[in-house]
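Colleague: Next up, data_26.csv (CSV, C-alpha atoms and all ligand atoms).
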chain,number,residue,atom,x,y,z
A,1,MET,CA,0.0,0.0,0.0
A,2,GLU,CA,1.2,3.5,-0.8
A,3,VAL,CA,2.2,5.6,2.2
A,4,LEU,CA,-0.1,8.4,1.1
A,5,GLU,CA,-3.0,6.1,0.7
A,6,ALA,CA,-2.5,4.8,4.3
A,7,ILE,CA,-2.1,8.4,5.6
A,8,ARG,CA,-5.3,9.5,4.0
A,9,GLY,CA,-7.3,6.3,4.7
A,10,ARG,CA,-6.4,5.7,8.4
A,11,ARG,CA,-9.1,6.7,10.9
A,12,SER,CA,-9.4,6.3,14.7
A,13,CYS,CA,-11.3,3.1,15.4
A,14,ARG,CA,-13.4,2.7,18.6
A,15,ARG,CA,-15.5,-0.3,17.6
A,16,TYR,CA,-13.7,-3.6,17.3
A,17,ASP,CA,-14.6,-7.1,16.1
A,18,PRO,CA,-13.7,-9.8,18.6
A,19,ARG,CA,-11.6,-11.6,16.0
A,20,PRO,CA,-8.1,-12.1,17.4
A,21,VAL,CA,-5.2,-10.4,15.7
A,22,GLU,CA,-2.5,-12.6,14.2
A,23,GLN,CA,0.8,-12.6,16.1
A,24,GLU,CA,2.7,-11.8,12.9
A,25,LYS,CA,0.6,-8.7,12.3
A,26,LEU,CA,1.3,-7.5,15.9
A,27,LEU,CA,5.0,-7.9,15.5
A,28,ALA,CA,4.9,-6.2,12.1
A,29,VAL,CA,3.1,-3.2,13.7
A,30,VAL,CA,5.7,-3.0,16.5
A,31,GLU,CA,8.6,-3.4,14.0
A,32,ALA,CA,7.2,-0.5,12.0
A,33,ALA,CA,7.4,1.6,15.2
A,34,THR,CA,11.1,0.9,15.6
A,35,TRP,CA,11.8,2.5,12.2
A,36,ALA,CA,10.7,5.9,13.4
A,37,PRO,CA,13.2,8.7,13.7
A,38,SER,CA,14.5,9.5,17.2
A,39,PRO,CA,17.0,12.1,18.6
A,40,GLY,CA,20.6,10.8,17.8
A,41,ASN,CA,19.0,7.4,16.9
A,42,SER,CA,18.4,6.9,20.7
A,43,GLN,CA,15.4,4.7,20.1
A,44,PRO,CA,13.9,5.5,23.5
A,45,TRP,CA,10.7,3.5,23.0
A,46,ARG,CA,9.5,0.3,24.8
A,47,PHE,CA,6.3,-1.7,24.0
A,48,VAL,CA,4.1,-3.8,26.2
A,49,ILE,CA,1.5,-6.0,24.4
A,50,MET,CA,-1.6,-6.9,26.3
A,51,GLN,CA,-4.6,-9.1,25.3
A,52,ASP,CA,-6.0,-10.4,28.6
A,53,ALA,CA,-9.4,-9.5,29.9
A,54,ALA,CA,-8.2,-8.5,33.4
A,55,ARG,CA,-5.9,-5.8,32.1
A,56,LYS,CA,-8.5,-4.5,29.6
A,57,LYS,CA,-10.8,-4.1,32.6
A,58,ALA,CA,-8.1,-2.3,34.5
A,59,ILE,CA,-7.5,0.0,31.6
A,60,ARG,CA,-11.2,0.8,31.4
A,61,GLU,CA,-11.4,1.5,35.1
A,62,ASN,CA,-8.4,3.7,35.0
A,63,ALA,CA,-9.8,5.6,32.0
A,64,ARG,CA,-13.0,6.2,33.9
A,65,LEU,CA,-11.1,7.8,36.7
A,66,ALA,CA,-9.0,9.8,34.3
A,67,LEU,CA,-12.1,11.0,32.6
A,68,ARG,CA,-13.6,12.1,35.8
A,69,TYR,CA,-10.4,13.9,36.7
A,70,HIS,CA,-9.9,15.6,33.4
A,71,LEU,CA,-13.5,16.6,32.8
A,72,TYR,CA,-14.6,17.6,36.2
A,73,GLU,CA,-11.5,18.7,38.1
A,74,VAL,CA,-9.2,20.1,35.5
A,75,SER,CA,-11.2,21.1,32.4
A,76,GLY,CA,-14.2,22.6,34.2
A,77,PHE,CA,-16.3,20.9,31.5
A,78,GLN,CA,-14.5,22.7,28.7
A,79,LEU,CA,-14.0,19.8,26.5
A,80,PRO,CA,-17.0,19.7,24.1
A,81,ALA,CA,-14.9,17.8,21.5
A,82,LEU,CA,-15.2,14.8,23.7
A,83,HIS,CA,-18.7,14.1,22.5
A,84,ARG,CA,-17.0,12.1,19.7
A,85,PHE,CA,-15.9,9.5,22.2
A,86,ASP,CA,-17.8,6.3,22.8
A,87,LEU,CA,-18.5,6.9,26.5
A,88,ARG,CA,-21.5,5.8,28.7
A,89,PRO,CA,-22.7,7.4,31.9
A,90,LEU,CA,-20.1,7.5,34.6
A,91,ASP,CA,-22.2,5.5,37.0
A,92,GLY,CA,-20.8,5.4,40.6
A,93,VAL,CA,-18.4,8.2,40.1
A,94,GLY,CA,-19.0,11.0,42.5
A,95,PHE,CA,-19.3,14.5,41.0
A,96,GLY,CA,-19.3,16.4,44.3
A,97,SER,CA,-21.4,19.6,43.8
A,98,HIS,CA,-20.9,19.4,40.0
A,99,ARG,CA,-23.3,17.9,37.6
A,100,PRO,CA,-21.9,16.7,34.3
A,101,PRO,CA,-23.2,18.6,31.2
A,102,PRO,CA,-25.8,16.4,29.4
A,103,VAL,CA,-23.6,15.6,26.5
A,104,HIS,CA,-21.0,14.1,28.8
A,105,GLU,CA,-23.6,11.8,30.4
A,106,SER,CA,-23.8,9.9,27.1
A,107,TYR,CA,-20.1,9.0,27.0
A,108,HIS,CA,-19.0,5.5,27.7
A,109,LEU,CA,-15.7,3.7,27.8
A,110,ASP,CA,-17.0,0.2,27.4
A,111,PHE,CA,-15.3,-0.2,24.1
A,112,LEU,CA,-12.0,-0.5,25.9
A,113,GLU,CA,-13.0,-3.9,27.2
A,114,ARG,CA,-13.6,-5.0,23.6
A,115,VAL,CA,-10.3,-3.8,22.2
A,116,PRO,CA,-8.5,-7.0,21.0
A,117,VAL,CA,-5.0,-5.8,21.7
A,118,PHE,CA,-3.4,-2.9,23.6
A,119,VAL,CA,0.2,-1.9,23.0
A,120,ALA,CA,1.4,0.4,25.7
A,121,VAL,CA,4.1,2.7,24.2
A,122,ALA,CA,6.5,4.0,26.8
A,123,ALA,CA,9.6,6.2,26.4
A,124,ASP,CA,12.7,6.4,28.4
A,125,PRO,CA,13.9,10.0,29.1
A,126,ARG,CA,17.3,8.7,30.0
A,127,ALA,CA,17.8,7.6,26.4
A,128,THR,CA,17.7,11.2,25.2
A,129,PRO,CA,19.9,13.2,27.5
A,130,ASP,CA,20.4,16.9,26.9
A,131,TRP,CA,23.5,16.4,24.8
A,132,VAL,CA,21.7,14.2,22.3
A,133,ASN,CA,18.6,16.4,22.4
A,134,GLU,CA,19.9,19.9,21.9
A,135,GLY,CA,19.0,20.9,25.5
A,136,ARG,CA,15.4,19.9,25.4
A,137,ASP,CA,13.9,17.3,27.7
A,138,ASP,CA,11.1,16.0,25.5
A,139,GLY,CA,12.9,14.3,22.6
A,140,HIS,CA,11.9,10.8,23.9
A,141,LYS,CA,8.2,11.8,23.7
A,142,TYR,CA,8.5,13.1,20.2
A,143,ALA,CA,10.3,9.9,19.1
A,144,ALA,CA,7.5,7.8,20.7
A,145,ALA,CA,4.9,9.9,18.9
A,146,ALA,CA,6.6,9.2,15.6
A,147,ALA,CA,6.7,5.5,16.5
A,148,ILE,CA,3.0,5.5,17.3
A,149,GLN,CA,2.1,7.1,14.0
A,150,ASN,CA,4.2,4.4,12.2
A,151,MET,CA,2.2,1.8,14.2
A,152,LEU,CA,-1.2,3.3,13.1
A,153,LEU,CA,-0.2,3.4,9.5
A,154,ALA,CA,1.3,-0.1,9.5
A,155,ALA,CA,-1.9,-1.4,11.2
A,156,TYR,CA,-4.0,0.2,8.5
A,157,SER,CA,-1.9,-1.2,5.7
A,158,LEU,CA,-2.4,-4.7,7.3
A,159,GLY,CA,-6.2,-4.3,7.4
A,160,LEU,CA,-6.3,-3.5,11.2
A,161,GLY,CA,-8.1,-0.7,13.0
A,162,SER,CA,-6.2,1.4,15.6
A,163,LEU,CA,-6.6,4.1,18.1
A,164,TRP,CA,-4.1,6.4,19.8
A,165,PHE,CA,-5.5,6.5,23.4
A,166,THR,CA,-4.3,8.7,26.2
A,167,LEU,CA,-7.2,8.9,28.5
A,168,PHE,CA,-5.4,7.4,31.5
A,169,HIS,CA,-3.9,8.3,34.8
A,170,GLU,CA,-0.3,7.5,34.1
A,171,ARG,CA,1.1,7.0,37.6
A,172,SER,CA,-1.6,4.5,38.7
A,173,LEU,CA,-1.7,2.7,35.3
A,174,LYS,CA,2.0,2.1,34.8
A,175,PRO,CA,2.4,-0.6,37.6
A,176,GLN,CA,-0.7,-2.4,36.4
A,177,LEU,CA,0.8,-2.7,32.9
A,178,GLY,CA,4.3,-3.6,34.1
A,179,VAL,CA,5.8,-0.3,32.8
A,180,ALA,CA,8.8,0.8,34.9
A,181,PRO,CA,8.3,4.0,37.0
A,182,GLN,CA,11.1,5.8,35.3
A,183,LEU,CA,9.5,5.4,31.8
A,184,HIS,CA,6.9,7.8,30.4
A,185,LEU,CA,3.7,6.1,29.3
A,186,VAL,CA,3.0,8.0,26.1
A,187,ALA,CA,0.0,6.2,24.8
A,188,LEU,CA,-2.0,3.0,24.6
A,189,VAL,CA,-2.3,1.9,21.0
A,190,CYS,CA,-5.5,-0.1,20.5
A,191,LEU,CA,-5.4,-2.6,17.7
A,192,GLY,CA,-7.9,-5.0,16.1
A,193,TYR,CA,-10.2,-5.7,13.2
A,194,ALA,CA,-12.7,-2.8,12.9
A,195,ALA,CA,-16.4,-3.5,13.3
A,196,GLY,CA,-17.6,-1.3,10.5
A,197,ALA,CA,-15.8,1.7,8.9
A,198,PRO,CA,-14.8,4.3,11.5
A,199,PRO,CA,-16.2,7.8,10.9
A,200,ARG,CA,-14.2,10.1,8.7
A,201,GLY,CA,-13.3,13.3,10.6
A,202,HIS,CA,-12.9,16.5,8.7
A,203,ARG,CA,-9.6,18.2,8.0
A,204,ARG,CA,-8.8,21.9,7.6
A,205,GLU,CA,-7.9,23.0,4.1
A,206,VAL,CA,-4.2,22.9,3.4
A,207,SER,CA,-4.5,26.4,1.9
A,208,ASP,CA,-5.7,27.7,5.3
A,209,LEU,CA,-2.6,26.3,7.0
A,210,VAL,CA,0.3,26.9,4.7
A,211,ARG,CA,2.1,29.9,3.6
A,212,PHE,CA,5.0,30.0,1.1
A,213,LEU,CA,7.5,32.5,2.3
A,214,LYS,CA,9.0,34.6,-0.5
A,215,GLU,CA,12.6,35.7,-0.3
A,216,GLY,CA,13.0,38.7,1.9
A,217,GLU,CA,9.4,38.4,3.2
A,218,GLU,CA,8.9,38.2,7.0
A,219,ASP,CA,6.5,35.6,8.4
A,220,GLY,CA,3.8,37.6,10.0
A,221,THR,CA,1.6,34.7,11.2
A,301,LIG,C1,-1.9,12.6,21.3
A,301,LIG,C2,-3.3,12.0,20.9
A,301,LIG,C3,-4.1,11.6,22.0
A,301,LIG,C4,-5.3,11.0,21.7
A,301,LIG,N1,-6.1,10.5,22.7
A,301,LIG,C5,-7.2,9.9,22.5
A,301,LIG,C6,-8.0,9.3,23.5
A,301,LIG,O1,-7.6,9.3,24.7
A,301,LIG,N2,-9.2,8.8,23.2
A,301,LIG,C7,-9.7,8.7,21.9
A,301,LIG,O2,-10.8,8.2,21.7
A,301,LIG,N3,-9.0,9.3,20.9
A,301,LIG,C8,-7.8,9.8,21.1
A,301,LIG,N4,-7.0,10.3,20.1
A,301,LIG,C9,-7.5,10.2,18.7
A,301,LIG,C10,-8.1,11.5,18.2
A,301,LIG,O3,-9.3,11.8,18.8
A,301,LIG,C11,-8.3,11.4,16.7
A,301,LIG,O4,-7.0,11.2,16.1
A,301,LIG,C12,-8.9,12.7,16.1
A,301,LIG,O5,-10.2,12.9,16.6
A,301,LIG,C13,-8.9,12.7,14.6
A,301,LIG,O6,-9.6,11.5,14.1
A,301,LIG,P1,-8.9,10.5,13.1
A,301,LIG,O7,-7.8,9.8,13.9
A,301,LIG,O8,-10.0,9.4,12.8
A,301,LIG,O9,-8.5,11.2,11.9
A,301,LIG,C14,-5.8,10.9,20.3
A,301,LIG,C15,-4.9,11.3,19.3
A,301,LIG,C16,-3.7,11.9,19.6
A,301,LIG,C17,-2.8,12.3,18.5
Could you take the file, read its structure, and then write that structure out as structure tokens?

Modeller:
Amino acid sequence: MEVLEAIRGRRSCRRYDPRPVEQEKLLAVVEAATWAPSPGNSQPWRFVIMQDAARKKAIRENARLALRYHLYEVSGFQLPALHRFDLRPLDGVGFGSHRPPPVHESYHLDFLERVPVFVAVAADPRATPDWVNEGRDDGHKYAAAAAIQNMLLAAYSLGLGSLWFTLFHERSLKPQLGVAPQLHLVALVCLGYAAGAPPRGHRREVSDLVRFLKEGEEDGT
């Protein structure tokens, strides 16, 4: 498959078929991740593959708590874009004096228990020390992000659906997934055969986002 075809065709998948994913495909997806660029070729990424029901449940529970935290304690309900998520009422979660806005009451996280495979992508900050990373402390995260995008595109080219998922409470989830405390848990990549075609989100026009700078001209954006 052409790279551009995969880039344009890939969509976030939140509905999965229970069909198991072949081991070779999982390994091909992770191998694709390892070809991503990284500062000084430091390759700071680590991958933990999970397919068992107990861990899926733990991920869902953790997401439920993270959702409560983000929506009700940090965002002050300012996340209208979250209506796209597949979330059900947050039963049993205390809201204190707050009531969730109606749109949030229709969210649910149950799809997480039906995701066939999770790949936790972690990054080691010690692999990208300042000298390799031009004084910045976030190179390991950028590298992991590049690795994740490779995974999503590879998954698509192999006929798999995928989702870049970050709705978790990192500190409490890491020990449950066997991720060492010194690593940064960048994302959970959901993988599996899609149940139906994921919706196509819109994209802003390239012409609205790009400007060709002419010689001698200053960028006033
Ligand atoms: C850094 C990052 C974090 C994301 N976290 C989540 C998430 O926690 N839950 C979720 O359902 N989607 C998550 N997504 C997926 C985005 O919602 C999705 O990419 C976006 O809506 C565009 O849709 P598309 O991927 O189908 O083009 C995340 C994407 C990125 C890049």

Colleague: Would you pick out the contacts of Lys57 (chain A) at 6 Å or less, using all atoms listed in the file, so that residues sharing its chain but fewer than 3 positions from it are not included, and give the list as a list of chain:residue names?

Modeller: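 Residues meeting the cut-off are A:Ala54, A:Arg60, A:Glu113.
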
Colleague: Selection from above, C-alpha atoms, as a compact mmCIF listing (two decimals), in the frame of the given file, can you write it?

Modeller:
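Listed below is the output, selection37.txt:
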# COMPACT_ATOMS: atom_id res chain seq x y z
CA ALA A 54 -8.20 -8.50 33.40
CA ARG A 60 -11.20 0.80 31.40
CA GLU A 113 -13.00 -3.90 27.20

Colleague: Could you produce a table of the residues of chain A lying within 6 Å of ligand LIG 301 (chain A), with the nearest pair of atoms per residue and their separation in Å rounded to one decimal, using only C-alpha atoms and all ligand atoms, ordered by chain and increasing residue number, as JSON lines?

Modeller:
{"residue": "A:Arg11", "atom": "CA", "partner": "A:LIG301", "partner_atom": "O8", "distance": 3.4}
{"residue": "A:Ser12", "atom": "CA", "partner": "A:LIG301", "partner_atom": "O8", "distance": 3.7}
{"residue": "A:Phe85", "atom": "CA", "partner": "A:LIG301", "partner_atom": "O2", "distance": 5.3}
{"residue": "A:Trp164", "atom": "CA", "partner": "A:LIG301", "partner_atom": "C14", "distance": 4.8}
{"residue": "A:Phe165", "atom": "CA", "partner": "A:LIG301", "partner_atom": "O1", "distance": 3.7}
{"residue": "A:Thr166", "atom": "CA", "partner": "A:LIG301", "partner_atom": "O1", "distance": 3.7}
{"residue": "A:Leu167", "atom": "CA", "partner": "A:LIG301", "partner_atom": "O1", "distance": 3.8}
{"residue": "A:Arg200", "atom": "CA", "partner": "A:LIG301", "partner_atom": "O8", "distance": 5.9}
{"residue": "A:Gly201", "atom": "CA", "partner": "A:LIG301", "partner_atom": "O9", "distance": 5.4}

Colleague: What are the closest atom pairs, with distances in Å to one decimal, for all residues of region 185-219 of chain A lying within 10 Å of region 36-48 of chain A? Consider all atoms listed in the file, order rows by chain and residue number, and present the result as a Markdown table.

Modeller:
| residue | atom | partner | partner_atom | distance |
| --- | --- | --- | --- | --- |
| A:Leu185 | CA | A:Arg46 | CA | 9.4 |
| A:Val186 | CA | A:Trp45 | CA | 9.4 |
| A:Leu188 | CA | A:Val48 | CA | 9.3 |
| A:Val189 | CA | A:Phe47 | CA | 9.8 |

Colleague: Might you pull out every residue within 7 Å of Cys190 (chain A), with all atoms listed in the file counted and same-chain residues fewer than 6 positions away left off, and present them as a list in words?

Modeller: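 The residues satisfying every condition are Val115, Val117, Phe118, Val119, Ser162, Leu163 and Trp164 of chain A.
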
Colleague: Please, what distance in Å, to one decimal, runs between CA of Asp208 (chain A) and CA of Val3 (chain A)?

Modeller: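 Between CA of Asp208 (chain A) and CA of Val3 (chain A) the gap works out to 23.7 Å.
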
Colleague: CA of His140 (chain A) and CA of Leu153 (chain A), how far apart in Å?

Modeller: 20.2 Å

Colleague: Point out the residue among A:Leu173, A:Val30, A:Leu112, A:Ala53 with the least atom-to-atom distance to Ala144 (chain A), counting all atoms listed in the file.

Modeller: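 So, comparing all the options, the nearest one is A:Val30.
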
Colleague: Please measure the separation of CA of Gly192 (chain A) and CA of Tyr16 (chain A), giving the value in Å to one decimal.

Modeller: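 Atom-to-atom, CA of Gly192 (chain A) to CA of Tyr16 (chain A), that is 6.1 Å.
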
Colleague: Any chance you could work out the axis-aligned box around region 113-128 of chain A, listed atoms only, 8 Å on each side, giving centre and edge lengths in Å to one decimal, as lines of an AutoDock Vina configuration file?

Modeller:
center_x = 2.1
center_y = 2.1
center_z = 25.5
size_x = 47.4
size_y = 34.2
size_z = 25.0

Colleague: Given all atoms listed in the file as the basis, pick out the residue of A:Ala187, A:Val179, A:Ser157, A:Leu213 nearest to Lys25 (chain A).

Modeller: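 Checking each of A:Ala187, A:Val179, A:Ser157, A:Leu213 against Lys25 (chain A), counting all atoms listed in the file, the winner is A:Ser157.
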
Colleague: Could you name the residues that touch Asp138 (chain A) at 10 Å or less, counting all atoms listed in the file, but leaving out those on the same chain fewer than 6 positions away, as a list in words?

Modeller: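 Contacts, in chain order: Pro39, Ala123, Pro125, Thr128, Pro129 and Asp130 of chain A.
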
Colleague: Hey, which of A:Ala143, A:Val132, A:Ala155, A:Leu160 ends up closest to Gly196 (chain A)? Count only C-alpha atoms.

Modeller: A:Leu160

Colleague: Which residue gives the smallest distance to Glu22 (chain A) among A:Ala120, A:His108, A:Gln182, A:Gln51, with all atoms listed in the file counted?

Modeller: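 Comparing A:Ala120, A:His108, A:Gln182, A:Gln51 against Glu22 (chain A), the winner is A:Gln51.
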
Colleague: Would you please work out which residue, of A:Arg55, A:Arg203, A:Arg136, A:Lys214, is nearest to Gly178 (chain A) when using all atoms listed in the file?

Modeller: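 That would be A:Arg55, the residue with the smallest distance to Gly178 (chain A).
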
Colleague: A:His184, A:Arg171, A:Arg64, A:Arg10: which is nearest Val121 (chain A), counting all atoms listed in the file?

Modeller: A:His184

Colleague: Env of Val29 (chain A): 7 Å cut, atoms = only C-alpha atoms, seq-sep filter 3 positions within chain, self excluded. Answer as a ChimeraX atom specification.

Modeller: /A:25-26,32-33,151,154-155

Colleague: Please output region 113-148 of chain A, rebuilt to include N, CA and C atoms, as a PDB file, in the frame of the given file.

Modeller:
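Written out: rebuild.pdb:
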ATOM      1  N   GLU A 113     -12.996  -2.522  26.828  1.00  0.00           N
ATOM      2  CA  GLU A 113     -13.000  -3.900  27.200  1.00  0.00           C
ATOM      3  C   GLU A 113     -13.103  -4.834  25.934  1.00  0.00           C
ATOM      4  N   ARG A 114     -13.489  -4.214  24.804  1.00  0.00           N
ATOM      5  CA  ARG A 114     -13.600  -5.000  23.600  1.00  0.00           C
ATOM      6  C   ARG A 114     -12.498  -4.750  22.580  1.00  0.00           C
ATOM      7  N   VAL A 115     -11.504  -4.001  23.010  1.00  0.00           N
ATOM      8  CA  VAL A 115     -10.300  -3.800  22.200  1.00  0.00           C
ATOM      9  C   VAL A 115      -9.515  -5.105  22.180  1.00  0.00           C
ATOM     10  N   PRO A 116      -9.259  -5.725  21.023  1.00  0.00           N
ATOM     11  CA  PRO A 116      -8.500  -7.000  21.000  1.00  0.00           C
ATOM     12  C   PRO A 116      -7.134  -6.933  21.626  1.00  0.00           C
ATOM     13  N   VAL A 117      -6.397  -5.886  21.259  1.00  0.00           N
ATOM     14  CA  VAL A 117      -5.000  -5.800  21.700  1.00  0.00           C
ATOM     15  C   VAL A 117      -4.668  -4.355  22.090  1.00  0.00           C
ATOM     16  N   PHE A 118      -3.992  -4.206  23.210  1.00  0.00           N
ATOM     17  CA  PHE A 118      -3.400  -2.900  23.600  1.00  0.00           C
ATOM     18  C   PHE A 118      -1.899  -3.012  23.484  1.00  0.00           C
ATOM     19  N   VAL A 119      -1.299  -2.000  22.909  1.00  0.00           N
ATOM     20  CA  VAL A 119       0.200  -1.900  23.000  1.00  0.00           C
ATOM     21  C   VAL A 119       0.463  -0.612  23.769  1.00  0.00           C
ATOM     22  N   ALA A 120       1.014  -0.789  24.963  1.00  0.00           N
ATOM     23  CA  ALA A 120       1.400   0.400  25.700  1.00  0.00           C
ATOM     24  C   ALA A 120       2.772   0.840  25.142  1.00  0.00           C
ATOM     25  N   VAL A 121       2.830   2.124  24.757  1.00  0.00           N
ATOM     26  CA  VAL A 121       4.100   2.700  24.200  1.00  0.00           C
ATOM     27  C   VAL A 121       4.672   3.591  25.276  1.00  0.00           C
ATOM     28  N   ALA A 122       5.838   3.191  25.754  1.00  0.00           N
ATOM     29  CA  ALA A 122       6.500   4.000  26.800  1.00  0.00           C
ATOM     30  C   ALA A 122       7.824   4.495  26.214  1.00  0.00           C
ATOM     31  N   ALA A 123       8.334   5.573  26.833  1.00  0.00           N
ATOM     32  CA  ALA A 123       9.600   6.200  26.400  1.00  0.00           C
ATOM     33  C   ALA A 123      10.487   6.442  27.544  1.00  0.00           C
ATOM     34  N   ASP A 124      11.769   6.221  27.328  1.00  0.00           N
ATOM     35  CA  ASP A 124      12.700   6.400  28.400  1.00  0.00           C
ATOM     36  C   ASP A 124      13.470   7.711  28.295  1.00  0.00           C
ATOM     37  N   PRO A 125      13.213   8.642  29.222  1.00  0.00           N
ATOM     38  CA  PRO A 125      13.900  10.000  29.100  1.00  0.00           C
ATOM     39  C   PRO A 125      15.378   9.857  29.220  1.00  0.00           C
ATOM     40  N   ARG A 126      15.881   8.806  29.866  1.00  0.00           N
ATOM     41  CA  ARG A 126      17.300   8.700  30.000  1.00  0.00           C
ATOM     42  C   ARG A 126      18.024   8.361  28.707  1.00  0.00           C
ATOM     43  N   ALA A 127      17.231   7.888  27.724  1.00  0.00           N
ATOM     44  CA  ALA A 127      17.800   7.600  26.400  1.00  0.00           C
ATOM     45  C   ALA A 127      18.087   8.802  25.590  1.00  0.00           C
ATOM     46  N   THR A 128      17.453   9.918  25.958  1.00  0.00           N
ATOM     47  CA  THR A 128      17.700  11.200  25.200  1.00  0.00           C
ATOM     48  C   THR A 128      18.146  12.261  26.136  1.00  0.00           C
ATOM     49  N   PRO A 129      19.369  12.112  26.651  1.00  0.00           N
ATOM     50  CA  PRO A 129      19.900  13.200  27.500  1.00  0.00           C
ATOM     51  C   PRO A 129      20.079  14.461  26.766  1.00  0.00           C
ATOM     52  N   ASP A 130      20.299  15.541  27.508  1.00  0.00           N
ATOM     53  CA  ASP A 130      20.400  16.900  26.900  1.00  0.00           C
ATOM     54  C   ASP A 130      21.346  16.933  25.721  1.00  0.00           C
ATOM     55  N   TRP A 131      22.513  16.283  25.841  1.00  0.00           N
ATOM     56  CA  TRP A 131      23.500  16.400  24.800  1.00  0.00           C
ATOM     57  C   TRP A 131      23.065  15.838  23.475  1.00  0.00           C
ATOM     58  N   VAL A 132      22.154  14.842  23.564  1.00  0.00           N
ATOM     59  CA  VAL A 132      21.700  14.200  22.300  1.00  0.00           C
ATOM     60  C   VAL A 132      20.433  14.936  21.809  1.00  0.00           C
ATOM     61  N   ASN A 133      19.910  15.816  22.631  1.00  0.00           N
ATOM     62  CA  ASN A 133      18.600  16.400  22.400  1.00  0.00           C
ATOM     63  C   ASN A 133      18.581  17.889  22.360  1.00  0.00           C
ATOM     64  N   GLU A 134      19.720  18.462  22.075  1.00  0.00           N
ATOM     65  CA  GLU A 134      19.900  19.900  21.900  1.00  0.00           C
ATOM     66  C   GLU A 134      19.257  20.694  23.116  1.00  0.00           C
ATOM     67  N   GLY A 135      19.458  20.174  24.330  1.00  0.00           N
ATOM     68  CA  GLY A 135      19.000  20.900  25.500  1.00  0.00           C
ATOM     69  C   GLY A 135      17.559  20.729  25.877  1.00  0.00           C
ATOM     70  N   ARG A 136      16.783  20.055  25.032  1.00  0.00           N
ATOM     71  CA  ARG A 136      15.400  19.900  25.400  1.00  0.00           C
ATOM     72  C   ARG A 136      15.174  18.590  26.145  1.00  0.00           C
ATOM     73  N   ASP A 137      14.068  18.501  26.893  1.00  0.00           N
ATOM     74  CA  ASP A 137      13.900  17.300  27.700  1.00  0.00           C
ATOM     75  C   ASP A 137      12.706  16.455  27.201  1.00  0.00           C
ATOM     76  N   ASP A 138      12.261  16.734  25.968  1.00  0.00           N
ATOM     77  CA  ASP A 138      11.100  16.000  25.500  1.00  0.00           C
ATOM     78  C   ASP A 138      11.296  15.195  24.235  1.00  0.00           C
ATOM     79  N   GLY A 139      12.566  15.010  23.858  1.00  0.00           N
ATOM     80  CA  GLY A 139      12.900  14.300  22.600  1.00  0.00           C
ATOM     81  C   GLY A 139      12.322  12.837  22.668  1.00  0.00           C
ATOM     82  N   HIS A 140      12.370  12.224  23.850  1.00  0.00           N
ATOM     83  CA  HIS A 140      11.900  10.800  23.900  1.00  0.00           C
ATOM     84  C   HIS A 140      10.390  10.755  23.634  1.00  0.00           C
ATOM     85  N   LYS A 141       9.648  11.817  23.992  1.00  0.00           N
ATOM     86  CA  LYS A 141       8.200  11.800  23.700  1.00  0.00           C
ATOM     87  C   LYS A 141       7.930  12.004  22.224  1.00  0.00           C
ATOM     88  N   TYR A 142       8.697  12.905  21.604  1.00  0.00           N
ATOM     89  CA  TYR A 142       8.500  13.100  20.200  1.00  0.00           C
ATOM     90  C   TYR A 142       8.809  11.813  19.410  1.00  0.00           C
ATOM     91  N   ALA A 143       9.894  11.150  19.817  1.00  0.00           N
ATOM     92  CA  ALA A 143      10.300   9.900  19.100  1.00  0.00           C
ATOM     93  C   ALA A 143       9.154   8.869  19.299  1.00  0.00           C
ATOM     94  N   ALA A 144       8.601   8.781  20.514  1.00  0.00           N
ATOM     95  CA  ALA A 144       7.500   7.800  20.700  1.00  0.00           C
ATOM     96  C   ALA A 144       6.304   8.169  19.893  1.00  0.00           C
ATOM     97  N   ALA A 145       6.049   9.471  19.741  1.00  0.00           N
ATOM     98  CA  ALA A 145       4.900   9.900  18.900  1.00  0.00           C
ATOM     99  C   ALA A 145       5.113   9.463  17.464  1.00  0.00           C
ATOM    100  N   ALA A 146       6.345   9.625  16.975  1.00  0.00           N
ATOM    101  CA  ALA A 146       6.600   9.200  15.600  1.00  0.00           C
ATOM    102  C   ALA A 146       6.453   7.686  15.469  1.00  0.00           C
ATOM    103  N   ALA A 147       6.890   6.967  16.508  1.00  0.00           N
ATOM    104  CA  ALA A 147       6.700   5.500  16.500  1.00  0.00           C
ATOM    105  C   ALA A 147       5.269   5.111  16.472  1.00  0.00           C
ATOM    106  N   ILE A 148       4.468   5.837  17.242  1.00  0.00           N
ATOM    107  CA  ILE A 148       3.000   5.500  17.300  1.00  0.00           C
ATOM    108  C   ILE A 148       2.375   5.741  15.949  1.00  0.00           C
TER     109      ILE A 148
END
